[in-house]
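J.: Following this line is final-v1.txt, made up of compact mmCIF, C-alpha atoms:
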```txt
# COMPACT_ATOMS: atom_id res chain seq x y z
CA MET A 193 -57.85 28.54 -57.76
CA ALA A 194 -55.74 30.89 -55.61
CA LEU A 195 -54.88 27.99 -53.30
CA ALA A 196 -53.87 25.83 -56.26
CA ILE A 197 -51.65 28.58 -57.67
CA ALA A 198 -50.05 29.18 -54.28
CA THR A 199 -49.43 25.46 -53.85
CA PHE A 200 -47.88 25.26 -57.33
CA LEU A 201 -45.61 28.23 -56.61
CA PHE A 202 -44.57 26.76 -53.26
CA ILE A 203 -43.70 23.39 -54.85
CA THR A 204 -41.84 25.18 -57.66
CA LEU A 205 -39.89 27.23 -55.12
CA LEU A 206 -38.94 24.10 -53.20
CA SER A 207 -37.88 22.39 -56.42
CA THR A 208 -35.82 25.40 -57.48
CA LYS A 209 -34.13 25.63 -54.08
CA ALA A 210 -33.39 21.90 -54.11
CA SER A 211 -31.87 22.25 -57.58
CA ALA A 212 -29.90 25.35 -56.62
CA PHE A 213 -28.47 23.58 -53.60
CA ASP A 214 -27.85 20.21 -55.24
CA SER A 215 -24.93 19.11 -53.08
CA CYS A 216 -23.63 16.71 -55.71
CA ALA A 217 -23.57 19.22 -58.59
CA SER A 218 -20.19 20.36 -59.88
CA THR A 219 -19.96 23.86 -61.35
CA ASN A 220 -17.52 24.98 -63.98
CA GLU A 221 -15.57 27.17 -61.56
CA ASP A 222 -15.62 25.01 -58.43
CA LEU A 223 -14.94 21.31 -58.75
CA SER A 224 -16.33 19.30 -55.87
CA VAL A 225 -14.06 17.77 -53.24
CA ILE A 226 -16.02 14.81 -51.94
CA PRO A 227 -15.52 12.92 -48.65
CA ILE A 228 -15.22 9.24 -49.52
CA TYR A 229 -18.13 8.31 -47.25
CA GLY A 230 -20.28 11.26 -48.37
CA LYS A 231 -23.55 11.10 -50.26
CA CYS A 232 -21.91 12.17 -53.55
CA SER A 233 -19.21 9.49 -53.41
CA PRO A 234 -19.62 6.08 -55.10
CA PHE A 235 -17.85 4.60 -52.07
CA ASN A 236 -20.46 5.65 -49.48
CA THR A 237 -22.08 2.26 -48.94
CA PRO A 238 -22.84 1.46 -46.24
CA LYS A 239 -23.41 4.89 -44.73
CA PRO A 240 -21.21 5.27 -41.63
CA THR A 241 -23.04 4.78 -38.34
CA SER A 242 -21.24 7.71 -36.74
CA TRP A 243 -18.73 10.23 -37.98
CA GLU A 244 -16.35 9.73 -35.06
CA ASN A 245 -16.17 5.99 -35.80
CA THR A 246 -15.44 6.89 -39.42
CA VAL A 247 -12.57 9.14 -38.33
CA ILE A 248 -11.24 6.51 -35.90
CA ASN A 249 -11.31 3.91 -38.67
CA MET A 250 -9.58 6.20 -41.17
CA ALA A 251 -7.02 7.38 -38.60
CA SER A 252 -6.10 3.75 -37.92
CA LYS A 253 -4.67 3.70 -41.47
CA ASP A 254 -2.46 6.75 -40.78
CA PRO A 255 0.58 4.64 -39.82
CA GLN A 256 0.51 3.14 -43.33
CA ARG A 257 0.33 6.66 -44.74
CA LEU A 258 3.24 7.81 -42.57
CA SER A 259 5.24 4.79 -43.71
CA TYR A 260 4.55 5.78 -47.32
CA LEU A 261 5.59 9.40 -46.71
CA SER A 262 8.71 8.25 -44.89
CA SER A 263 9.64 6.03 -47.83
CA LEU A 264 9.58 9.15 -50.01
CA VAL A 265 11.74 10.98 -47.49
CA ASP A 266 14.23 8.16 -47.03
CA GLN A 267 14.33 7.38 -50.76
CA LYS A 268 13.83 3.72 -50.09
CA PRO A 269 13.11 1.47 -53.09
CA ASN A 270 9.57 2.26 -54.12
CA SER A 271 8.66 -0.98 -55.86
CA ALA A 272 7.34 -4.33 -54.80
CA PRO A 273 6.26 -7.61 -56.40
CA ILE A 274 2.80 -7.58 -57.92
CA ALA A 275 0.22 -10.22 -57.11
CA SER A 276 -3.54 -10.31 -57.20
CA GLY A 277 -5.25 -9.16 -54.05
CA GLN A 278 -8.59 -7.96 -52.77
CA GLN A 279 -8.98 -4.21 -52.84
CA VAL A 280 -10.36 -2.16 -49.97
CA PHE A 281 -10.59 1.64 -50.00
CA ASN A 282 -8.47 2.44 -46.98
CA ILE A 283 -6.27 5.41 -47.82
CA GLY A 284 -7.35 8.58 -49.57
CA ASN A 285 -10.08 10.49 -47.80
CA TYR A 286 -11.27 12.90 -50.50
CA VAL A 287 -12.04 12.30 -54.17
CA VAL A 288 -12.63 14.57 -57.18
CA ARG A 289 -14.55 13.93 -60.38
CA ALA A 290 -12.37 13.62 -63.48
CA LYS A 291 -12.97 12.40 -66.99
CA ILE A 292 -10.31 10.64 -69.03
CA GLY A 293 -10.42 9.88 -72.74
CA THR A 294 -12.59 10.79 -75.73
CA PRO A 295 -15.44 10.54 -75.03
CA GLY A 296 -14.70 11.21 -71.37
CA GLN A 297 -15.02 8.32 -68.92
CA LEU A 298 -16.00 9.47 -65.41
CA LEU A 299 -13.76 8.44 -62.52
CA PHE A 300 -13.71 9.49 -58.86
CA MET A 301 -10.00 9.94 -58.21
CA VAL A 302 -8.28 10.55 -54.88
CA LEU A 303 -6.85 14.03 -54.38
CA ASP A 304 -3.30 13.48 -53.09
CA THR A 305 -0.96 16.40 -52.44
CA SER A 306 2.02 14.13 -51.72
CA SER A 307 1.93 12.18 -55.00
CA ASP A 308 2.75 13.28 -58.54
CA THR A 309 1.88 10.65 -61.12
CA ALA A 310 -1.81 10.07 -61.82
CA TRP A 311 -2.97 6.51 -62.22
CA VAL A 312 -6.23 4.67 -62.87
CA PRO A 313 -7.27 1.00 -63.04
CA CYS A 314 -7.65 -0.11 -66.64
CA SER A 315 -9.68 -2.84 -68.32
CA GLY A 316 -8.37 -6.31 -67.52
CA CYS A 317 -6.64 -5.19 -64.32
CA THR A 318 -5.80 -8.08 -61.97
CA GLY A 319 -7.07 -7.37 -58.46
CA CYS A 320 -9.11 -4.27 -59.39
CA THR A 321 -12.75 -4.36 -58.32
CA SER A 322 -14.25 -0.94 -59.11
CA THR A 323 -14.97 1.18 -62.19
CA MET A 324 -12.12 0.90 -64.68
CA PHE A 325 -10.94 3.06 -67.56
CA ALA A 326 -11.32 1.37 -70.95
CA PRO A 327 -8.46 2.52 -73.23
CA ASN A 328 -9.97 0.83 -76.29
CA MET A 329 -13.06 3.05 -75.91
CA SER A 330 -11.04 6.27 -76.17
CA SER A 331 -10.07 7.64 -79.59
CA THR A 332 -7.26 9.75 -78.06
CA TYR A 333 -5.52 7.11 -75.90
CA GLY A 334 -1.91 6.13 -76.45
CA SER A 335 0.83 4.40 -74.51
CA THR A 336 4.18 6.10 -73.89
CA GLU A 337 7.40 4.66 -75.28
CA CYS A 338 10.51 4.03 -73.22
CA SER A 339 12.33 6.61 -75.31
CA ALA A 340 9.94 9.39 -74.23
CA PRO A 341 11.32 11.83 -71.63
CA GLN A 342 8.26 11.25 -69.42
CA CYS A 343 9.37 7.64 -68.91
CA THR A 344 12.47 8.74 -67.02
CA GLN A 345 10.35 10.85 -64.66
CA VAL A 346 8.29 8.07 -63.06
CA ARG A 347 9.61 6.08 -60.12
CA GLY A 348 10.06 2.36 -60.56
CA GLN A 349 10.12 2.50 -64.37
CA SER A 350 11.08 -0.64 -66.26
CA CYS A 351 11.87 -0.83 -69.97
CA PRO A 352 12.82 -3.78 -72.21
CA ALA A 353 16.58 -4.15 -72.37
CA GLY A 354 17.99 -2.99 -75.70
CA ALA A 355 14.61 -2.85 -77.41
CA PRO A 356 11.93 -0.21 -77.92
CA GLY A 357 8.66 -0.72 -76.14
CA ALA A 358 6.04 0.71 -73.79
CA CYS A 359 7.14 2.36 -70.54
CA PHE A 360 6.08 0.22 -67.59
CA PHE A 361 6.44 1.19 -63.96
CA ASN A 362 5.93 -0.38 -60.57
CA GLN A 363 5.15 1.68 -57.44
CA SER A 364 4.08 1.23 -53.85
CA TYR A 365 1.34 3.32 -52.26
CA GLY A 366 0.12 3.72 -48.72
CA GLY A 367 3.02 1.76 -47.26
CA ALA A 368 1.66 -1.75 -47.87
CA SER A 369 0.26 -1.85 -51.39
CA SER A 370 1.66 -1.68 -54.90
CA PHE A 371 0.63 -1.62 -58.54
CA TYR A 372 2.00 -2.29 -62.01
CA ALA A 373 1.10 0.13 -64.79
CA THR A 374 1.81 1.29 -68.32
CA LEU A 375 2.66 4.95 -68.70
CA SER A 376 -0.03 6.33 -70.98
CA ARG A 377 -1.43 9.60 -72.30
CA ASP A 378 -4.94 10.83 -72.99
CA VAL A 379 -7.23 13.81 -72.53
CA LEU A 380 -7.96 14.77 -68.90
CA ARG A 381 -11.08 16.82 -68.19
CA LEU A 382 -11.63 18.67 -64.91
CA GLY A 383 -14.88 20.61 -64.95
CA THR A 384 -14.84 22.34 -68.33
CA ASP A 385 -11.04 22.42 -68.54
CA VAL A 386 -9.38 20.14 -71.07
CA ILE A 387 -5.76 19.01 -70.69
CA PRO A 388 -4.58 17.10 -73.80
CA ASN A 389 -1.93 14.37 -73.74
CA TYR A 390 -2.00 14.02 -69.97
CA SER A 391 0.51 11.40 -68.75
CA PHE A 392 -0.85 8.82 -66.29
CA GLY A 393 -0.41 5.21 -65.31
CA CYS A 394 -2.82 2.64 -66.73
CA ILE A 395 -2.87 -0.02 -63.97
CA SER A 396 -2.87 -3.67 -65.03
CA ALA A 397 -2.32 -5.32 -61.63
CA ILE A 398 -2.48 -4.40 -57.96
CA SER A 399 -1.43 -5.92 -54.66
CA GLY A 400 -2.56 -4.91 -51.19
CA SER A 401 -5.55 -3.14 -49.74
CA SER A 402 -4.95 0.60 -50.05
CA ILE A 403 -4.87 1.37 -53.77
CA PRO A 404 -7.73 3.85 -54.44
CA PRO A 405 -10.28 1.90 -56.52
CA GLN A 406 -10.83 4.53 -59.22
CA GLY A 407 -7.33 5.92 -59.22
CA LEU A 408 -5.44 8.93 -57.96
CA LEU A 409 -4.71 12.43 -59.22
CA GLY A 410 -1.35 13.68 -58.00
CA PHE A 411 -1.28 17.30 -56.82
CA GLY A 412 2.34 17.15 -55.62
CA ARG A 413 5.19 19.41 -56.69
CA GLY A 414 7.07 16.97 -58.95
CA SER A 415 7.50 16.94 -62.71
CA MET A 416 4.60 14.55 -63.40
CA SER A 417 2.02 16.25 -61.19
CA LEU A 418 -1.14 18.02 -62.31
CA LEU A 419 0.48 21.41 -61.69
CA SER A 420 3.53 20.57 -63.79
CA GLN A 421 1.52 19.09 -66.66
CA SER A 422 -0.90 22.03 -66.74
CA ALA A 423 1.51 24.89 -66.04
CA SER A 424 0.23 27.01 -68.93
CA LEU A 425 -3.37 26.54 -67.79
CA TYR A 426 -3.18 26.90 -64.00
CA SER A 427 0.12 28.79 -63.48
CA GLY A 428 1.10 26.49 -60.62
CA VAL A 429 -1.85 27.54 -58.41
CA PHE A 430 -4.68 25.56 -56.84
CA SER A 431 -6.66 25.56 -53.63
CA TYR A 432 -9.13 23.32 -51.89
CA CYS A 433 -11.63 23.59 -49.09
CA LEU A 434 -12.17 20.26 -47.35
CA PRO A 435 -15.59 19.66 -45.80
CA SER A 436 -15.90 18.10 -42.38
CA PHE A 437 -16.20 14.32 -42.23
CA LYS A 438 -19.53 15.04 -40.47
CA SER A 439 -20.86 16.53 -43.72
CA TYR A 440 -22.44 13.46 -45.27
CA TYR A 441 -24.66 15.52 -47.58
CA PHE A 442 -22.16 18.18 -48.61
CA SER A 443 -18.96 18.53 -50.64
CA GLY A 444 -16.11 21.01 -50.59
CA SER A 445 -14.50 22.67 -53.59
CA LEU A 446 -11.35 22.64 -55.67
CA LYS A 447 -10.23 25.81 -57.45
CA LEU A 448 -7.63 25.52 -60.20
CA GLY A 449 -5.58 28.50 -61.35
CA PRO A 450 -5.08 32.00 -59.89
CA LEU A 451 -8.54 33.35 -60.84
CA GLY A 452 -11.20 33.21 -58.13
CA GLN A 453 -8.77 32.57 -55.29
CA PRO A 454 -9.41 34.43 -51.99
CA LYS A 455 -7.89 37.88 -51.65
CA ASN A 456 -7.95 38.10 -47.87
CA ILE A 457 -5.55 35.30 -47.03
CA LYS A 458 -2.37 34.91 -45.01
CA PHE A 459 0.71 33.25 -46.48
CA THR A 460 3.72 31.33 -45.30
CA PRO A 461 6.64 30.33 -47.55
CA LEU A 462 6.68 26.90 -49.18
CA LEU A 463 10.04 25.21 -48.72
CA LYS A 464 11.41 23.00 -51.47
CA ASN A 465 13.49 19.91 -50.88
CA PRO A 466 15.17 18.86 -54.16
CA HIS A 467 15.56 15.29 -52.86
CA ARG A 468 11.83 15.06 -52.00
CA PRO A 469 10.28 17.22 -54.74
CA SER A 470 6.69 15.99 -54.30
CA LEU A 471 6.15 17.19 -50.73
CA TYR A 472 4.84 20.60 -49.61
CA TYR A 473 7.12 21.66 -46.78
CA VAL A 474 6.34 24.65 -44.57
CA ASN A 475 8.34 26.12 -41.71
CA LEU A 476 6.54 25.29 -38.46
CA THR A 477 8.36 27.34 -35.85
CA GLY A 478 6.33 26.50 -32.74
CA ILE A 479 3.07 25.31 -31.16
CA SER A 480 1.03 27.13 -28.52
CA VAL A 481 -1.60 25.59 -26.27
CA GLY A 482 -3.79 28.39 -25.03
CA ARG A 483 -1.35 31.18 -24.16
CA VAL A 484 1.53 28.82 -23.46
CA LEU A 485 4.25 28.36 -26.08
CA VAL A 486 5.10 24.68 -25.78
CA PRO A 487 8.82 24.07 -25.08
CA ILE A 488 9.88 22.06 -28.15
CA ALA A 489 13.50 21.63 -29.14
CA PRO A 490 14.05 23.54 -32.42
CA GLU A 491 15.61 20.52 -34.14
CA LEU A 492 12.30 18.63 -33.83
CA LEU A 493 10.66 21.15 -36.15
CA ALA A 494 13.61 22.23 -38.29
CA PHE A 495 13.60 21.77 -42.06
CA ASP A 496 16.48 19.58 -43.24
CA THR A 497 16.95 18.70 -46.91
CA ASN A 498 19.35 15.87 -46.08
CA THR A 499 17.19 13.92 -43.65
CA GLY A 500 13.82 15.04 -45.00
CA ALA A 501 12.89 16.41 -41.57
CA GLY A 502 10.41 19.24 -41.20
CA THR A 503 6.68 19.78 -41.55
CA ILE A 504 4.49 19.05 -44.56
CA ILE A 505 0.88 19.78 -45.50
CA ASP A 506 -0.76 16.53 -46.62
CA SER A 507 -4.27 15.78 -47.87
CA GLY A 508 -4.10 12.02 -47.26
CA THR A 509 -3.24 11.78 -43.55
CA VAL A 510 -6.32 12.01 -41.32
CA ILE A 511 -5.06 13.48 -38.02
CA THR A 512 -2.06 15.75 -37.50
CA ARG A 513 1.03 13.87 -36.38
CA PHE A 514 4.06 15.35 -34.68
CA VAL A 515 7.30 13.51 -33.97
CA GLN A 516 7.00 11.83 -30.58
CA PRO A 517 8.78 14.37 -28.32
CA ALA A 518 6.96 17.32 -29.95
CA TYR A 519 3.59 15.62 -29.62
CA ASN A 520 4.20 14.56 -26.02
CA ALA A 521 5.07 18.12 -25.01
CA THR A 522 1.97 19.51 -26.77
CA ARG A 523 -0.30 16.83 -25.30
CA ASP A 524 1.07 17.27 -21.78
CA GLU A 525 0.43 21.03 -21.86
CA PHE A 526 -3.09 20.41 -23.18
CA ARG A 527 -3.76 17.93 -20.37
CA LYS A 528 -2.40 20.34 -17.80
CA GLN A 529 -4.94 22.98 -18.85
CA VAL A 530 -7.95 20.69 -19.25
CA LYS A 531 -7.34 18.45 -16.24
CA GLY A 532 -8.42 14.81 -16.21
CA PRO A 533 -9.11 12.06 -15.86
CA PHE A 534 -8.04 11.03 -19.39
CA SER A 535 -8.66 7.90 -21.42
CA SER A 536 -7.88 6.60 -24.91
CA LEU A 537 -10.09 6.00 -27.95
CA GLY A 538 -8.55 4.50 -31.09
CA ALA A 539 -5.57 6.63 -32.12
CA PHE A 540 -6.47 9.33 -29.57
CA ASP A 541 -4.74 9.16 -26.20
CA THR A 542 -6.20 12.30 -24.61
CA CYS A 543 -9.96 11.85 -24.18
CA PHE A 544 -11.90 13.53 -21.38
CA ALA A 545 -15.43 14.28 -20.26
CA SER A 546 -16.98 16.72 -22.73
CA THR A 547 -18.27 18.71 -19.75
CA ASN A 548 -14.65 19.94 -19.50
CA GLU A 549 -14.66 21.13 -23.10
CA ALA A 550 -15.37 24.71 -22.04
CA VAL A 551 -11.85 24.92 -20.61
CA ALA A 552 -10.17 23.21 -23.57
CA PRO A 553 -7.52 25.61 -24.87
CA ALA A 554 -7.06 26.62 -28.50
CA ILE A 555 -4.03 25.21 -30.29
CA THR A 556 -2.03 27.61 -32.46
CA LEU A 557 0.41 26.49 -35.11
CA HIS A 558 3.13 29.10 -35.65
CA PHE A 559 4.52 29.27 -39.17
CA THR A 560 6.94 31.77 -40.67
CA GLY A 561 4.83 34.89 -41.27
CA MET A 562 1.54 33.31 -40.18
CA ASP A 563 -0.19 31.94 -37.09
CA LEU A 564 -3.00 29.43 -37.52
CA VAL A 565 -5.37 29.23 -34.54
CA LEU A 566 -7.16 25.93 -35.03
CA PRO A 567 -10.95 26.12 -34.63
CA MET A 568 -12.16 23.84 -31.84
CA GLU A 569 -13.88 21.60 -34.43
CA ASN A 570 -10.41 20.98 -35.91
CA THR A 571 -8.93 20.29 -32.49
CA LEU A 572 -11.40 17.94 -30.79
CA ILE A 573 -13.36 14.91 -31.88
CA HIS A 574 -16.51 13.93 -29.99
CA SER A 575 -18.05 10.56 -29.30
CA SER A 576 -21.78 10.23 -29.91
CA ALA A 577 -21.91 7.09 -27.76
CA SER A 578 -20.72 8.85 -24.61
CA PRO A 579 -20.06 12.42 -23.41
CA VAL A 580 -16.38 12.25 -24.35
CA ALA A 581 -14.14 14.58 -26.37
CA CYS A 582 -10.62 13.75 -27.57
CA LEU A 583 -7.63 15.76 -28.72
CA ALA A 584 -7.62 14.96 -32.46
CA MET A 585 -3.84 14.64 -32.86
CA ALA A 586 -1.27 11.93 -32.27
CA ALA A 587 2.41 11.09 -32.33
CA ALA A 588 4.05 9.90 -35.52
CA PRO A 589 4.55 6.14 -35.22
CA THR A 590 8.08 5.39 -34.07
CA ASN A 591 8.27 2.16 -36.06
CA VAL A 592 8.53 4.09 -39.34
CA ASN A 593 11.46 6.21 -38.10
CA SER A 594 9.57 9.26 -39.28
CA VAL A 595 11.23 12.64 -39.06
CA LEU A 596 8.18 14.36 -40.53
CA ASN A 597 5.53 16.44 -38.82
CA VAL A 598 2.33 16.19 -40.87
CA ILE A 599 -0.50 18.76 -40.85
CA ALA A 600 -3.39 16.47 -41.77
CA ASN A 601 -6.81 16.85 -43.33
CA LEU A 602 -8.91 16.92 -40.16
CA GLN A 603 -6.99 20.03 -39.10
CA GLN A 604 -7.45 21.53 -42.59
CA GLN A 605 -11.24 21.17 -42.72
CA ASN A 606 -13.32 24.31 -43.24
CA LEU A 607 -10.21 26.22 -44.25
CA ARG A 608 -9.24 27.36 -47.75
CA ILE A 609 -5.73 25.98 -48.36
CA LEU A 610 -4.03 27.74 -51.28
CA PHE A 611 -0.94 26.26 -52.93
CA ASP A 612 0.95 28.83 -54.99
CA THR A 613 4.04 27.07 -56.32
CA ALA A 614 4.88 29.89 -58.74
CA ASN A 615 5.51 32.19 -55.78
CA SER A 616 6.58 29.43 -53.36
CA ARG A 617 3.92 30.18 -50.76
CA LEU A 618 0.99 28.54 -49.02
CA GLY A 619 -2.09 30.50 -47.94
CA ILE A 620 -4.77 29.68 -45.37
CA ALA A 621 -8.10 31.44 -44.84
CA ARG A 622 -11.24 30.58 -42.89
CA GLU A 623 -14.09 29.35 -45.09
CA LEU A 624 -17.21 27.27 -44.54
CA CYS A 625 -16.51 24.41 -46.92
CA ASN A 626 -19.69 22.39 -46.33
```
Please re-express this file's structure in C-alpha cells.
T.:
Amino acid sequence: MALAIATFLFITLLSTKASAFDSCASTNEDLSVIPIYGKCSPFNTPKPTSWENTVINMASKDPQRLSYLSSLVDQKPNSAPIASGQQVFNIGNYVVRAKIGTPGQLLFMVLDTSSDTAWVPCSGCTGCTSTMFAPNMSSTYGSTECSAPQCTQVRGQSCPAGAPGACFFNQSYGGASSFYATLSRDVLRLGTDVIPNYSFGCISAISGSSIPPQGLLGFGRGSMSLLSQSASLYSGVFSYCLPSFKSYYFSGSLKLGPLGQPKNIKFTPLLKNPHRPSLYYVNLTGISVGRVLVPIAPELLAFDTNTGAGTIIDSGTVITRFVQPAYNATRDEFRKQVKGPFSSLGAFDTCFASTNEAVAPAITLHFTGMDLVLPMENTLIHSSASPVACLAMAAAPTNVNSVLNVIANLQQQNLRILFDTANSRLGIARELCN
C-alpha cells in the first residue's frame, strides 16, 4: 500500500510539474513569443535537423528583409501587381498568438517591429495556403469605408474614384512579395486583453513567397500600429524576450504595457524620423571588439532623417548587419584577435576552428547612455557537423543601397528589449528567455 501511494504521489508530482512547465501555455500576463520552427508553432514541420542550418537558411532571406527596410527608408513605391503564387514562410522569425473576431479565431501572427498595419489572410484569398480568418463567422467584423480617416493612413490605399466604397490597399512585404487587402475592423484579443474596432487588412490575394501565412501584427511606431491603436491600454510600452533558435521546446514572452516591466534596466534614447515613422532608431556611437574601439567613420553610424541612415532595432532580420565599411572594420579586428585560418559558411564569412573560441573577443555595441556587451551565444554560431564557429554578423547587401545598420534578432536573444515610446527610450536587460 505504501509503495502504491508513493508511486501515485510521484506520478502526480511529475504530472503537476509537466503542467506547470507547459512550454506552449500562454499566461494572462506573459504572451508567448514563439520561434517559427519551435514545438509550439504550427509551422514547425518538419523539425529542423540542426539549429545552425535553420539560422543559415533564415539568414539567407535577410537580403530580402534589408531590401524591404530600405524601401521604407527610400520611400520607394510600396505596391506591386497581385497574382496568385505559392506561399512559403520565409520572413518573420517569431510569432505570437492572437484572436480576431467574435468569437475569437486563433491566428499565429508574425511579430514585426518595423511594420505598422496588421493583416491576415481571409476566406477566399487567392494564393493563401494556411489558416484563414473567416469574416462571415465574426459578429463584430466590418469593412472600413474610403471616407474613414484610417484609410488615409495605410500605404498603397486605393479607393473608387468619385464613389463611396470599401478602403482597399496594396503593399509589398519582405522585398519580393505583395498582397491586396480590404481595410477592416474587428475585436483583437491578446491574452485576456480586448481591443475593440482594431483596424487591420483582410487579405484577398497574395504574390510571392514571403507573406507570413497567418498574418502579421505590426509593432512599429506609426499611426496604425498596435501601440497607436491601443494607446489607452498599453501607454506606448511593450517588451519582448526572444528565445534562442536552439530552443525548440521553449518560447519567450511578450509584455504589453508598463506594468510588470523590469526595473533594473539600462536605457538609450529612441530617435524618431518623421519620414520613416515605423522604424525604431537608436544612436549607435561605436563598436568595440575586445578592448579595441573599432575605427569607424562617424558618418557610417550617424542618424540622418533625410537619407534614413542610422541604426535600427528590428525583430525580423536574423543576423546583425552593418553597412559594408563598418562591418569590414569590425570583422577585420575580430579576425586579428582570433587568428585564422578563416572560412565561410552561408552568410557568415568569418568561420574558424572552435578550438580557438576561447580567445574570441566580446563585441560591445556602444549606444548613447548604454553599452551592450553581447553574450558569446549572441556573437558566435556553431556548426554541429564540424568543430567550427562563425561570427554571427554580416555586411548589409550593397545591391539594396542600404544606409541602415540593423541590430537583428539573433543578437537580441535572451535579452529583455523594452520599447517605451511614451518616453522615447529603449531598454535592454539580461534575461533567460527560454
J.: Skipping near chain neighbours, those fewer than 5 positions away, what residues fall within 10 Å of segment 579-589 of chain A using only C-alpha atoms, listed as a PyMOL selection string?
T.: chain A and resi 247-248+251+254-256+258-259+510-520+522-523+526-527+534-537+539-549+552+568-574+594-600+602-603
J.: So how many Å separate atom CA of Thr323 of chain A and atom CA of Val288 of chain A, to one decimal?
T.: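 Straight-line distance from atom CA of Thr323 of chain A to atom CA of Val288 of chain A works out to 14.5 Å.
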J.: Have a look at A:Leu624, A:Cys338, A:Leu418, A:Cys314 and name the one nearest to Phe371 of chain A; count only C-alpha atoms.
T.: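 Distance minimum relative to Phe371 of chain A lands on A:Cys314.
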J.: To one decimal place, how far is atom CA of Leu382 of chain A from atom CA of Ser331 of chain A in Å?
T.: 18.4 Å
J.: From the set A:Val429, A:Leu409, A:Met301, A:Cys317, which residue has the shortest atom-to-atom contact distance to Ile395 of chain A, counting all atoms listed in the file?
T.: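 Going through A:Val429, A:Leu409, A:Met301, A:Cys317 one by one, the smallest distance to Ile395 of chain A is for A:Cys317.
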J.: Could you please determine the separation between atom CA of Ala577 of chain A and atom CA of Ser233 of chain A in Å, to one decimal place?
T.: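 About the pair atom CA of Ala577 of chain A and atom CA of Ser233 of chain A: they are 25.9 Å apart.
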